[in-house]
Every structure is written in C-alpha cells, then in structure tokens.
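The structure file work-v1.txt is reproduced below (compact mmCIF, C-alpha atoms and all ligand atoms).
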```txt
# COMPACT_ATOMS: atom_id res chain seq x y z
CA MET A 1 0.00 0.00 0.00
CA GLU A 2 1.38 3.41 -0.93
CA LYS A 3 1.53 5.97 1.83
CA THR A 4 -0.41 9.08 0.89
CA LEU A 5 0.16 12.74 1.68
CA PRO A 6 -2.43 15.28 2.81
CA PHE A 7 -0.83 17.92 0.56
CA THR A 8 0.00 18.10 -3.14
CA LYS A 9 3.05 19.07 -5.13
CA GLN A 10 1.32 22.41 -5.84
CA ASP A 11 0.98 23.09 -2.09
CA ALA A 12 4.63 22.23 -1.55
CA LEU A 13 5.78 24.40 -4.45
CA ARG A 14 3.88 27.33 -2.96
CA TRP A 15 5.70 26.76 0.31
CA THR A 16 9.15 26.28 -1.18
CA ALA A 17 8.77 29.36 -3.38
CA GLU A 18 9.14 31.44 -0.22
CA HIS A 19 10.85 29.09 2.21
CA PRO A 20 14.03 27.23 1.31
CA THR A 21 14.33 23.49 1.95
CA PRO A 22 15.02 21.60 4.08
CA PHE A 23 12.19 22.24 6.52
CA TYR A 24 9.63 20.44 8.64
CA VAL A 25 5.91 20.90 8.11
CA TYR A 26 3.25 19.68 10.55
CA ASP A 27 -0.36 19.05 9.58
CA GLU A 28 -2.60 20.72 12.16
CA ARG A 29 -5.69 18.89 10.96
CA GLY A 30 -4.02 15.48 11.34
CA ILE A 31 -2.79 16.17 14.88
CA GLU A 32 -6.18 17.52 15.91
CA LYS A 33 -8.05 14.48 14.60
CA CYS A 34 -5.63 12.12 16.30
CA VAL A 35 -6.08 13.80 19.71
CA THR A 36 -9.86 14.09 19.31
CA ASP A 37 -10.10 10.37 18.51
CA LEU A 38 -7.90 9.47 21.48
CA TYR A 39 -10.20 11.42 23.81
CA LYS A 40 -13.22 9.73 22.24
CA ALA A 41 -11.67 6.30 22.78
CA PHE A 42 -11.19 6.99 26.49
CA ALA A 43 -14.27 9.18 27.06
CA TRP A 44 -15.69 6.43 29.31
CA ASN A 45 -12.97 7.15 31.87
CA GLU A 46 -13.62 10.11 34.12
CA GLY A 47 -10.38 12.04 34.44
CA PHE A 48 -8.68 10.64 31.35
CA LYS A 49 -5.85 12.87 30.22
CA GLU A 50 -3.13 12.72 27.59
CA TYR A 51 0.16 14.21 28.79
CA PHE A 52 1.95 14.81 25.49
CA ALA A 53 5.59 13.70 25.69
CA VAL A 54 7.24 17.04 24.97
CA LYS A 55 10.49 15.41 23.86
CA ALA A 56 8.76 14.20 20.70
CA LEU A 57 8.06 17.68 19.35
CA PRO A 58 9.07 20.51 21.67
CA ASN A 59 7.52 23.42 19.85
CA PRO A 60 5.32 26.06 21.55
CA ALA A 61 2.83 26.24 18.65
CA ILE A 62 2.29 22.48 18.84
CA LEU A 63 1.98 22.57 22.64
CA ARG A 64 -0.57 25.40 22.39
CA LEU A 65 -2.58 23.36 19.91
CA LEU A 66 -2.46 20.28 22.15
CA LYS A 67 -3.37 22.32 25.22
CA SER A 68 -6.42 23.67 23.39
CA LEU A 69 -7.45 20.06 22.74
CA GLY A 70 -7.25 19.18 26.44
CA CYS A 71 -3.76 17.74 26.69
CA GLY A 72 -1.22 18.22 29.42
CA ALA A 73 2.50 17.63 28.99
CA ASP A 74 5.06 15.06 30.05
CA CYS A 75 8.43 16.66 30.75
CA ALA A 76 11.88 15.50 31.83
CA SER A 77 14.04 18.63 31.96
CA VAL A 78 14.02 22.28 32.98
CA PRO A 79 13.79 23.59 29.38
CA GLU A 80 10.77 21.34 28.74
CA LEU A 81 9.14 22.66 31.92
CA VAL A 82 9.84 26.27 30.96
CA LEU A 83 8.42 25.62 27.50
CA CYS A 84 5.19 24.45 29.16
CA GLU A 85 5.16 27.46 31.45
CA LYS A 86 5.44 29.76 28.43
CA VAL A 87 2.38 28.25 26.76
CA GLY A 88 0.37 28.12 29.98
CA ILE A 89 0.54 24.40 30.75
CA GLN A 90 1.04 24.22 34.50
CA GLY A 91 0.30 22.49 37.80
CA GLU A 92 -0.96 18.93 37.56
CA ASP A 93 -1.30 19.27 33.80
CA ILE A 94 2.42 18.53 33.85
CA MET A 95 3.76 15.04 34.52
CA PHE A 96 7.44 15.15 35.37
CA SER A 97 8.56 11.68 34.24
CA SER A 98 12.29 12.09 34.53
CA ASN A 99 15.10 9.77 35.54
CA GLU A 100 18.54 10.49 37.02
CA THR A 101 16.92 13.78 37.97
CA THR A 102 18.91 16.68 39.39
CA GLU A 103 17.94 18.79 42.35
CA THR A 104 17.37 21.78 40.07
CA GLU A 105 14.99 19.78 37.91
CA TYR A 106 12.96 18.59 40.90
CA ARG A 107 12.93 22.12 42.31
CA THR A 108 11.61 23.62 39.07
CA ALA A 109 8.99 20.90 38.61
CA LYS A 110 7.78 21.17 42.18
CA ALA A 111 7.61 24.96 42.03
CA MET A 112 5.36 24.63 38.97
CA GLY A 113 3.10 22.20 40.81
CA ALA A 114 3.89 19.37 38.39
CA ILE A 115 3.20 15.76 39.36
CA LEU A 116 6.53 14.16 40.24
CA ASN A 117 6.87 10.68 38.77
CA LEU A 118 9.67 9.00 40.72
CA ASP A 119 11.87 6.66 38.70
CA ASP A 120 13.58 5.09 41.71
CA ILE A 121 13.00 4.40 45.38
CA THR A 122 16.13 6.36 46.37
CA HIS A 123 14.53 9.48 44.92
CA ILE A 124 12.08 9.61 47.82
CA GLU A 125 14.88 10.57 50.16
CA PHE A 126 16.51 12.72 47.51
CA VAL A 127 13.35 14.76 46.94
CA GLU A 128 12.58 14.95 50.65
CA ASN A 129 16.05 16.23 51.51
CA THR A 130 16.30 18.70 48.66
CA VAL A 131 12.97 20.22 47.69
CA GLY A 132 10.55 18.42 50.02
CA LEU A 133 7.91 15.89 49.04
CA PRO A 134 4.78 17.28 47.38
CA ASP A 135 1.25 16.04 48.20
CA THR A 136 0.95 14.05 44.99
CA VAL A 137 3.54 11.50 43.89
CA CYS A 138 3.58 8.95 41.10
CA CYS A 139 5.92 5.93 41.01
CA ARG A 140 7.35 4.25 37.96
CA TYR A 141 7.21 0.45 37.82
CA ASN A 142 9.49 -1.94 35.95
CA PRO A 143 8.08 -5.47 36.14
CA GLY A 144 11.22 -6.99 34.60
CA SER A 145 9.53 -10.09 33.27
CA PHE A 146 6.67 -8.51 31.32
CA GLN A 147 7.26 -9.90 27.87
CA ILE A 148 6.83 -7.33 25.17
CA THR A 149 9.87 -7.22 22.99
CA ASN A 150 10.70 -4.35 20.73
CA ASP A 151 13.64 -2.83 18.98
CA ILE A 152 14.15 0.41 20.81
CA MET A 153 13.40 -0.35 24.45
CA GLY A 154 14.81 -3.89 24.49
CA HIS A 155 13.99 -6.40 27.23
CA LEU A 156 12.81 -4.85 30.46
CA TYR A 157 15.47 -6.52 32.59
CA ASP A 158 17.88 -4.39 30.59
CA THR A 159 16.05 -1.09 30.84
CA LYS A 160 17.22 1.48 33.34
CA PHE A 161 13.73 2.79 34.14
CA GLY A 162 11.44 2.22 37.08
CA MET A 163 11.37 0.22 40.32
CA THR A 164 11.07 -3.50 40.99
CA LEU A 165 7.89 -4.78 42.59
CA PRO A 166 9.28 -5.00 46.15
CA GLN A 167 10.78 -1.50 45.79
CA LEU A 168 7.53 -0.12 44.44
CA LYS A 169 5.52 -1.42 47.40
CA GLU A 170 8.12 -0.13 49.82
CA ALA A 171 8.04 3.24 48.03
CA TYR A 172 4.28 3.65 48.55
CA ARG A 173 4.59 2.55 52.19
CA VAL A 174 7.33 5.11 52.86
CA LEU A 175 5.59 7.89 50.91
CA LYS A 176 2.41 7.36 52.90
CA GLU A 177 4.36 7.42 56.14
CA LYS A 178 5.95 10.70 55.07
CA GLY A 179 2.58 12.31 54.53
CA VAL A 180 2.08 12.09 50.76
CA LYS A 181 -1.66 12.19 50.15
CA ARG A 182 -2.33 11.28 46.54
CA PHE A 183 -0.69 8.54 44.51
CA GLY A 184 -0.24 7.44 40.93
CA LEU A 185 1.29 4.42 39.21
CA HIS A 186 3.23 4.61 35.95
CA ALA A 187 4.81 2.07 33.63
CA MET A 188 6.20 2.22 30.11
CA LEU A 189 6.98 -1.25 28.81
CA ALA A 190 7.15 -0.75 25.08
CA SER A 191 8.21 1.65 22.41
CA CYS A 192 6.50 1.96 19.06
CA SER A 193 4.13 -0.94 19.66
CA LEU A 194 1.60 -1.59 16.91
CA ASP A 195 -0.11 -4.28 19.00
CA ASP A 196 -3.65 -3.28 20.00
CA ASN A 197 -3.24 -5.52 23.06
CA TYR A 198 -0.34 -3.56 24.54
CA TYR A 199 -2.39 -1.01 26.54
CA PRO A 200 -5.04 -3.54 27.64
CA ASN A 201 -2.33 -5.96 28.84
CA LEU A 202 -0.44 -3.20 30.60
CA ALA A 203 -3.66 -1.88 32.14
CA ARG A 204 -4.57 -5.34 33.48
CA GLU A 205 -1.14 -5.68 35.10
CA LEU A 206 -1.33 -2.21 36.68
CA PHE A 207 -4.98 -2.48 37.76
CA ARG A 208 -4.29 -5.77 39.57
CA LEU A 209 -1.29 -4.18 41.17
CA ILE A 210 -3.20 -1.23 42.59
CA LEU A 211 -5.65 -3.63 44.25
CA GLU A 212 -2.70 -5.50 45.72
CA ILE A 213 -1.17 -2.25 46.95
CA ARG A 214 -4.44 -1.11 48.53
CA GLU A 215 -4.78 -4.46 50.23
CA GLU A 216 -1.20 -4.84 51.44
CA ILE A 217 -0.14 -1.26 52.12
CA GLY A 218 -3.36 0.63 52.50
CA VAL A 219 -2.44 3.11 49.78
CA THR A 220 -5.17 4.04 47.32
CA ILE A 221 -3.85 4.85 43.88
CA GLU A 222 -5.88 7.55 42.14
CA PHE A 223 -4.41 7.47 38.67
CA VAL A 224 -2.72 4.97 36.39
CA ASP A 225 -0.37 6.36 33.77
CA LEU A 226 -0.08 4.00 30.81
CA SER A 227 2.67 6.27 29.43
CA GLY A 228 3.59 6.25 25.74
CA GLY A 229 4.75 3.45 23.55
CA ILE A 230 1.91 3.24 21.06
CA GLY A 231 3.48 3.00 17.65
CA ILE A 232 2.86 4.33 14.18
CA PRO A 233 3.24 2.49 10.89
CA TYR A 234 6.55 3.66 9.45
CA LEU A 235 6.53 0.89 6.84
CA PRO A 236 3.92 1.05 4.07
CA GLN A 237 2.78 -2.53 4.82
CA GLU A 238 2.23 -1.84 8.52
CA LYS A 239 -1.23 -1.06 9.88
CA PRO A 240 -1.98 1.72 12.36
CA VAL A 241 -3.39 0.75 15.76
CA ASP A 242 -7.15 0.94 16.26
CA ILE A 243 -7.42 3.48 19.06
CA MET A 244 -11.19 3.00 19.49
CA LYS A 245 -10.66 -0.72 19.95
CA ILE A 246 -7.79 -0.11 22.37
CA GLY A 247 -9.98 2.24 24.44
CA ALA A 248 -12.80 -0.33 24.48
CA MET A 249 -10.47 -3.17 25.49
CA VAL A 250 -8.96 -1.13 28.33
CA ARG A 251 -12.51 -0.37 29.45
CA GLU A 252 -13.27 -4.10 29.54
CA VAL A 253 -10.28 -4.73 31.77
CA TYR A 254 -11.30 -1.78 33.95
CA ASP A 255 -14.81 -3.19 34.33
CA GLN A 256 -13.38 -6.60 35.21
CA VAL A 257 -10.81 -5.45 37.76
CA ILE A 258 -11.43 -1.91 39.04
CA THR A 259 -15.24 -1.57 39.10
CA PRO A 260 -15.90 -4.75 41.16
CA ALA A 261 -13.37 -3.48 43.73
CA GLY A 262 -15.48 -0.36 44.19
CA MET A 263 -12.65 1.86 43.03
CA LYS A 264 -12.33 4.77 40.61
CA VAL A 265 -9.09 5.34 38.77
CA ALA A 266 -8.24 8.08 36.28
CA LEU A 267 -6.26 6.93 33.28
CA PHE A 268 -3.42 8.97 31.85
CA THR A 269 -1.35 8.47 28.74
CA GLU A 270 1.94 10.10 27.80
CA MET A 271 2.03 9.53 24.09
CA GLY A 272 4.44 11.39 21.89
CA ARG A 273 5.07 9.53 18.67
CA TYR A 274 1.42 8.53 18.17
CA ILE A 275 0.17 12.12 18.50
CA THR A 276 2.48 13.94 16.11
CA GLY A 277 4.68 11.34 14.36
CA PRO A 278 2.59 10.69 11.23
CA TYR A 279 1.63 14.36 10.84
CA GLY A 280 5.12 15.76 10.42
CA TYR A 281 7.10 15.76 7.17
CA LEU A 282 10.66 16.72 6.31
CA LEU A 283 10.84 18.38 2.89
CA THR A 284 14.14 18.27 1.12
CA THR A 285 15.42 18.91 -2.42
CA ALA A 286 17.48 16.54 -4.57
CA ILE A 287 20.67 18.48 -5.34
CA HIS A 288 23.11 15.91 -6.75
CA TYR A 289 23.16 12.59 -8.51
CA LYS A 290 26.18 10.38 -8.06
CA HIS A 291 26.99 7.19 -9.93
CA ILE A 292 29.90 5.16 -8.53
CA TYR A 293 29.60 1.54 -7.33
CA LYS A 294 26.05 2.40 -6.37
CA GLU A 295 23.60 5.12 -7.29
CA TYR A 296 23.29 8.03 -4.87
CA VAL A 297 20.84 10.90 -4.69
CA GLY A 298 22.18 13.74 -2.57
CA VAL A 299 19.63 15.92 -0.77
CA ASP A 300 19.91 19.20 1.12
CA ALA A 301 18.81 17.68 4.45
CA SER A 302 21.13 15.54 6.55
CA CYS A 303 20.87 13.27 9.57
CA CYS A 304 21.39 16.43 11.64
CA ASP A 305 17.79 17.23 10.63
CA LEU A 306 16.43 13.70 11.12
CA MET A 307 18.59 11.31 13.06
CA ARG A 308 16.41 8.21 13.28
CA PRO A 309 17.62 6.44 10.10
CA ALA A 310 21.28 6.97 11.04
CA MET A 311 20.76 6.16 14.71
CA TYR A 312 18.43 3.14 14.61
CA GLY A 313 18.44 2.22 10.93
CA ALA A 314 14.82 3.39 11.07
CA TYR A 315 12.73 3.27 7.92
CA HIS A 316 11.12 6.50 6.78
CA HIS A 317 8.96 6.39 3.70
CA LEU A 318 9.92 8.74 0.85
CA THR A 319 7.69 10.35 -1.71
CA VAL A 320 9.07 12.12 -4.75
CA LEU A 321 6.51 14.89 -5.21
CA GLY A 322 4.70 14.80 -8.53
CA LYS A 323 5.93 11.24 -9.18
CA GLU A 324 3.54 9.48 -6.82
CA ASN A 325 2.28 7.25 -9.61
CA ALA A 326 5.51 6.85 -11.56
CA PRO A 327 7.10 3.38 -11.64
CA LYS A 328 9.63 2.79 -8.88
CA ASP A 329 12.36 1.46 -11.11
CA THR A 330 15.54 3.06 -9.79
CA LYS A 331 17.43 1.66 -6.81
CA VAL A 332 19.22 4.43 -4.94
CA ASP A 333 20.68 5.51 -1.63
CA VAL A 334 19.26 8.88 -0.60
CA VAL A 335 22.01 10.61 1.32
CA GLY A 336 22.75 13.78 3.24
CA SER A 337 25.93 15.82 3.26
CA LEU A 338 27.46 14.82 6.58
CA CYS A 339 31.01 13.44 6.59
CA GLU A 340 29.60 10.22 8.06
CA ASN A 341 28.69 7.27 5.90
CA ASN A 342 25.56 6.53 7.94
CA ASP A 343 24.00 9.81 6.78
CA LYS A 344 21.45 8.00 4.62
CA PHE A 345 17.70 8.52 4.56
CA ALA A 346 17.27 5.42 2.46
CA VAL A 347 19.48 2.52 1.38
CA ASP A 348 18.81 0.51 -1.77
CA ARG A 349 15.36 2.07 -1.98
CA LEU A 350 13.31 1.63 -5.14
CA LEU A 351 12.07 5.05 -6.15
CA PRO A 352 10.86 6.78 -9.29
CA ARG A 353 13.71 8.30 -11.29
CA ILE A 354 14.72 11.44 -9.43
CA ASP A 355 15.66 14.61 -11.29
CA LEU A 356 17.75 17.32 -9.71
CA GLY A 357 15.46 19.86 -8.13
CA ASP A 358 12.79 17.28 -7.29
CA LEU A 359 11.18 17.72 -3.90
CA LEU A 360 11.34 14.71 -1.62
CA VAL A 361 9.02 14.25 1.32
CA ILE A 362 10.29 12.19 4.24
CA HIS A 363 7.24 10.77 6.03
CA ASP A 364 6.51 10.19 9.73
CA ALA A 365 9.00 12.79 10.90
CA GLY A 366 6.67 14.55 13.35
CA ALA A 367 8.10 12.92 16.48
CA HIS A 368 11.73 12.62 17.51
CA GLY A 369 12.57 14.41 14.24
CA HIS A 370 13.53 18.06 14.54
CA ALA A 371 13.72 17.42 18.30
CA MET A 372 16.73 15.14 17.85
CA GLY A 373 18.48 17.60 15.55
CA TYR A 374 22.03 18.63 16.21
CA ASN A 375 24.87 20.72 14.84
CA TYR A 376 27.51 18.14 13.94
CA ASN A 377 29.67 19.14 10.98
CA GLY A 378 28.45 22.70 11.49
CA LYS A 379 25.00 21.88 10.14
CA LEU A 380 22.44 24.49 11.11
CA ARG A 381 19.07 23.22 12.24
CA CYS A 382 16.20 23.80 9.83
CA ALA A 383 12.89 25.64 10.24
CA GLU A 384 9.53 24.22 11.29
CA TYR A 385 6.13 25.22 9.86
CA LEU A 386 2.57 24.52 10.82
CA TRP A 387 0.20 23.90 7.94
CA LYS A 388 -3.00 25.13 9.49
CA LYS A 389 -6.57 24.02 8.96
CA ASP A 390 -7.35 27.29 7.18
CA GLY A 391 -4.64 26.50 4.63
CA SER A 392 -2.12 29.00 5.92
CA PHE A 393 1.52 28.12 6.38
CA GLN A 394 2.95 29.47 9.60
CA MET A 395 6.60 29.50 10.60
CA ILE A 396 6.77 28.08 14.13
CA ARG A 397 10.55 27.97 14.39
CA ARG A 398 12.99 29.79 12.16
CA ALA A 399 16.05 28.06 10.78
CA GLU A 400 19.29 28.57 12.71
CA THR A 401 21.69 31.15 11.38
CA LEU A 402 25.46 31.38 11.50
CA ASP A 403 25.08 33.68 14.51
CA ASP A 404 23.19 30.96 16.39
CA TYR A 405 26.10 28.61 15.80
CA PHE A 406 28.49 31.06 17.42
CA VAL A 407 26.21 32.26 20.22
CA THR A 408 27.73 29.97 22.86
CA LEU A 409 31.29 30.82 21.81
CA ASP A 410 33.35 33.93 22.18
CA VAL A 411 35.48 33.58 19.11
CA ASP A 412 36.44 37.25 18.80
CA GLU A 413 37.47 37.32 22.44
CA GLU A 414 39.66 34.27 21.92
CA PHE A 415 41.35 35.89 18.95
CA SER A 416 41.98 39.13 20.79
CA LYS A 417 43.91 37.26 23.50
CA GLN A 418 46.39 35.77 21.04
C1 LIG B 1 9.48 8.94 25.47
C2 LIG B 1 8.51 8.83 26.58
C3 LIG B 1 7.14 8.89 26.31
C4 LIG B 1 6.59 8.96 24.91
O1 LIG B 1 6.86 7.83 24.21
P1 LIG B 1 6.25 7.61 22.74
O2 LIG B 1 6.81 6.31 22.34
O3 LIG B 1 6.68 8.77 21.93
O4 LIG B 1 4.78 7.57 22.90
C5 LIG B 1 6.28 8.85 27.37
N1 LIG B 1 6.72 8.78 28.64
C6 LIG B 1 8.03 8.73 28.94
C7 LIG B 1 8.44 8.65 30.36
C8 LIG B 1 8.96 8.76 27.93
O5 LIG B 1 10.26 8.69 28.22
```
Represent the structure contained in this file as structure tokens.
Amino acid sequence: MEKTLPFTKQDALRWTAEHPTPFYVYDERGIEKCVTDLYKAFAWNEGFKEYFAVKALPNPAILRLLKSLGCGADCASVPELVLCEKVGIQGEDIMFSSNETTETEYRTAKAMGAILNLDDITHIEFVENTVGLPDTVCCRYNPGSFQITNDIMGHLYDTKFGMTLPQLKEAYRVLKEKGVKRFGLHAMLASCSLDDNYYPNLARELFRLILEIREEIGVTIEFVDLSGGIGIPYLPQEKPVDIMKIGAMVREVYDQVITPAGMKVALFTEMGRYITGPYGYLLTTAIHYKHIYKEYVGVDASCCDLMRPAMYGAYHHLTVLGKENAPKDTKVDVVGSLCENNDKFAVDRLLPRIDLGDLLVIHDAGAHGHAMGYNYNGKLRCAEYLWKKDGSFQMIRRAETLDDYFVTLDVDEEFSKQ
C-alpha cells in the first residue's frame, strides 16, 4: 500500500517558493483528529488525560494546539518545563517523568506544581532532603519479566527505568508514612508498539497491582499512567493501531478489575510519537546525482535534521513529489551531506527516477525528528512550519543562522587574546 500525503506538489511548491528546503511541516488537521479520537476512545474514563511527551516535538505552537485540545504535557528537563510554562501548561497538567533527575529539575517541577513521577526508590529521600515531598507523587514500575519485545526499548530486565515490585511497594509505604496524600502508578513497557493488546495488557497488570497495593499497604492509587509506547506504521505494509478498539479493550479490563473493587481510577497516557509522528514531514530537495559503485541521490537535508535512520536504521517512507504514480524502477541511496557514511535517509530504496530539483518528502517525521536535531559538521538546524486548517503556512521555528552557531562561543574574544 502506498503511503499518501495530505498535501499536493502544488501546495509544496507554494511553500518552497518562499521558504528554502530543508524544513519540517506539521499538519494541524491530522494532529487535531488524532487527539480528538484518542479522547473519544477513552471518554468512558472520568479524568482521562493525555500528557503529550514534549520530547517528541518541543515546539510552543504544537503545545498550544495540544493544550487547546485538552492535553497536558510530560516533561523530563528544565527547558521542557519552561516551555510548558510559556504556553500556559502548568500544575498537575504537567507530569514530570524524569530519571537520574537533578535537584534543580525537581525544584523547578515542584515549584510549577507538576506531578513528580519518581523513577527510583532512592529518589524519595533525595526529593525529601532537597525540595521536600509534594502532596501528589507517582511511582514508575518496571516489572522486569513482562514480555513485550521491541527494537528500541529492548527487554525490560535491561532497561534502566522504574522500580522492581518489592521497591515499588516499599516506596508507597514510605511515601504514605511521610505524609504524601495522593498517589499514581506509571509504567512504560514498550516503544512503538503496533499491538492493540499492549495497553489492555499493561492496564490489566497495573490495575491488579493497585488492588494488591491497597490491600497490602493501605495506599489508594488515584491514577494509572499507561505512558507512551503506542506506535505508528513507518513501513507502508504496517497497519496503524485501532485506538477505538484499544480504548474499548482497556474499558473491559477496567470493568473486570477496578469496578468490582469499588474503586475509581483516572487513566493517563503520555504519548508522543502517536500524537504527532505521522503528521510531520521533512521536505528536502534533490541536489546531486552520483553514480559510482552504487547510485546516490544527494539531498539538502542531513541526519542532523532527522537522526532516526542513522541512529536506529529506522525506515522513513519517501515520496518524490509529482511522481507518486511513476514506476519505482531506480534503486538508490538517498544521502545527506554529513562526513559520516551513515548519513542516509534510504538505502537501496526503489524510487521513481529522481531529477535534480525534485522535492522529496520524508514521512513520519513529526516525532523525535527536529527534536533530535544537532549541529555536527556545522549543520544548522532547519525551520519548522505549521500547515494550518485554514490552509495558511505558519513559521513556528525559524532556521538557525550562522550567529546561532556562534552564540555559545566567544570567538572574537579568543582571537583578541592571542
Ligand atoms: C518517550 C517517553 C514517552 C513517549 O513515548 P512515545 O513512544 O513517543 O509515545 C512517554 N513517557 C516517557 C516517560 C517517555 O520517556
């Protein structure tokens, strides 16, 4: 199945006439529909909230849009917290799901009234001795043996996140003793899962656990944070998850486990990739053709703009604009300009014959795309645009300039000393 685009070559040409490639463009309509559907799927749960994982797409325009749709934010650093503050996301609309957290980070999060999600039992003492424990605390669980394998997160025994079961129970006991009043439970056991059963299975595990914790420790957990991990189909043959079905299956588990126990639990999610991933595109221009032992198409973007292919060998679908229906009869590597041989957006990919000047669209770049950008080889990070529902094209982050590159240096000062 061919992946389709919500915009045409004519749209893109209008954009590139005024804005040089490479750049990111995000489809407001797509993001809005995704969030609206997610809220529909979990409408049965009083208190349901999506805390968008800011790391996926840390842009104020996107956060404002998500806030307007009812989302909070999941943060893990001071800059992410400040970004939320600037767009008016605050208090318990922020989940601070950090790990190896510094005192400064805890201090900032607590001052903003964010929910602290503790990654380790030792952080109870750390928080108490530095910034003081807040009234609401969430704990992150790592069940170790829960078998969902995936490429990015690996096996859970090997992941650095969360507490073991005995530690988790001890954590709630200690937190209660220290006067914490409200409690949450968090676990993230997968990354990019396309299995509709992932959330229901995780929910069953966590729901059973909160009954056990109430029974054994006398702590009532108010919210369960299923975290992120829902995947998107990067490959054309993959199918997206069915979010309505997922919501209904989680409800079934809830009705089996939570309702009979006479409890009420709010469900939270912290999705990143699922919310924005498919609705972001990296536009780049073919600038060179090289024929040596293989065929190469050189583009004006590099892995400094989109790191996933170089870092994980991740597949990102490519469309050559205007050649959507042309035969894919040329096998090429599509490469960026970095002095690193892994700077390849595609390897041995069958594509329509590419002419210099053709616009290439790199799909599914809306999460962990621009956010993972960097300046290696002196590459300046590209601009981001929001393609709005009214058809307008709004710059939401300008491209970096040479001055930005030098802003943390004092080159002239250095020279004057010599
Ligand atoms: C990265 C992350 C998320 C979001 O993960 P996605 O796979 O993008 O949904 C959510 N919560 C935490 C704690 C994370 O680290």
In terms of only C-alpha atoms and all ligand atoms, the residue from A:Cys139, A:Leu306, A:Ala203, A:Ala367 at minimal distance from ligand LIG 1 (chain B) is A:Ala367
re atom CA of His316 of chain A and atom CA of Tyr234 of chain A: distance 6.0 Å
Neighbourhood query: residues within 7 Å of (7.5, 18.6, 9.1), file coordinates, counting only C-alpha atoms; return as a ChimeraX atom specification.
/A:23-26,280-282,365-366,384-385
Anything within 6 Å of (-4.1, 20.8, 10.5): list those residues as a list in words, counting only C-alpha atoms and sticking to the file's coordinates.
Asp27, Glu28, Arg29, Gly30, Trp387, Lys388 and Lys389 of chain A
Expected file contents, prior selection, C-alpha atoms, as a compact mmCIF listing (two decimals), in the coordinates of the input:
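The resulting file, result.txt, is shown below:
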```
# COMPACT_ATOMS: atom_id res chain seq x y z
CA ASP A 27 -0.36 19.05 9.58
CA GLU A 28 -2.60 20.72 12.16
CA ARG A 29 -5.69 18.89 10.96
CA GLY A 30 -4.02 15.48 11.34
CA TRP A 387 0.20 23.90 7.94
CA LYS A 388 -3.00 25.13 9.49
CA LYS A 389 -6.57 24.02 8.96
```
Pick out the closest residue to Thr102 of chain A from this set: A:Gly132, A:Ala76, A:Lys55, A:Glu85. Count all atoms listed in the file.
A:Ala76
May I ask which of the residues A:Tyr405, A:Tyr374, A:Phe52, A:Tyr296 is the closest one to ligand LIG 1 (chain B), counting only C-alpha atoms and all ligand atoms?
A:Phe52
Atomic separation - atom CA of His370 of chain A relative to atom CA of Asp358 of chain A, Å:
21.9 Å
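Considering all atoms listed in the file, the residue among A:Cys34, A:Leu211, A:Met112, A:Ala17 positioned nearest to Phe96 of chain A is A:Met112.
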Using all atoms listed in the file, can you tell me which of A:Lys33, A:Lys264, A:Lys331, A:Arg273 comes closest to ligand LIG 1 (chain B)?
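When distances to ligand LIG 1 (chain B) are compared using all atoms listed in the file, the smallest one comes from A:Arg273.
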Within 6 Å of ligand LIG 1 (chain B), counting all atoms listed in the file, residues as a PyMOL selection string:
chain A and resi 53+56+97+191-192+227-230+270-274
Nearby residues (all atoms listed in the file) at most 10 Å from Val127 of chain A, same-chain spacing under 3 positions excluded, as a list in words
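So the residues in contact are Thr101, Thr102, Glu103, Tyr106, Arg107, Lys110, Leu116, Leu118, Thr122, His123, Ile124, Thr130, Val131, Gly132, Leu133 and Pro134 of chain A.
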Looking at A:Leu318, A:Asp119, A:Phe183, A:Leu63, which one is nearest to Phe223 of chain A, with distances taken over only C-alpha atoms?
A:Phe183
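For Asp333 of chain A, the non-local neighbours within 9 Å, defined as residues at least 4 positions apart in the same chain or in other chains and counting only C-alpha atoms, are Lys294, Glu295, Tyr296, Val297, Gly298, Lys344, Phe345, Ala346, Val347, Asp348 and Arg349 of chain A.
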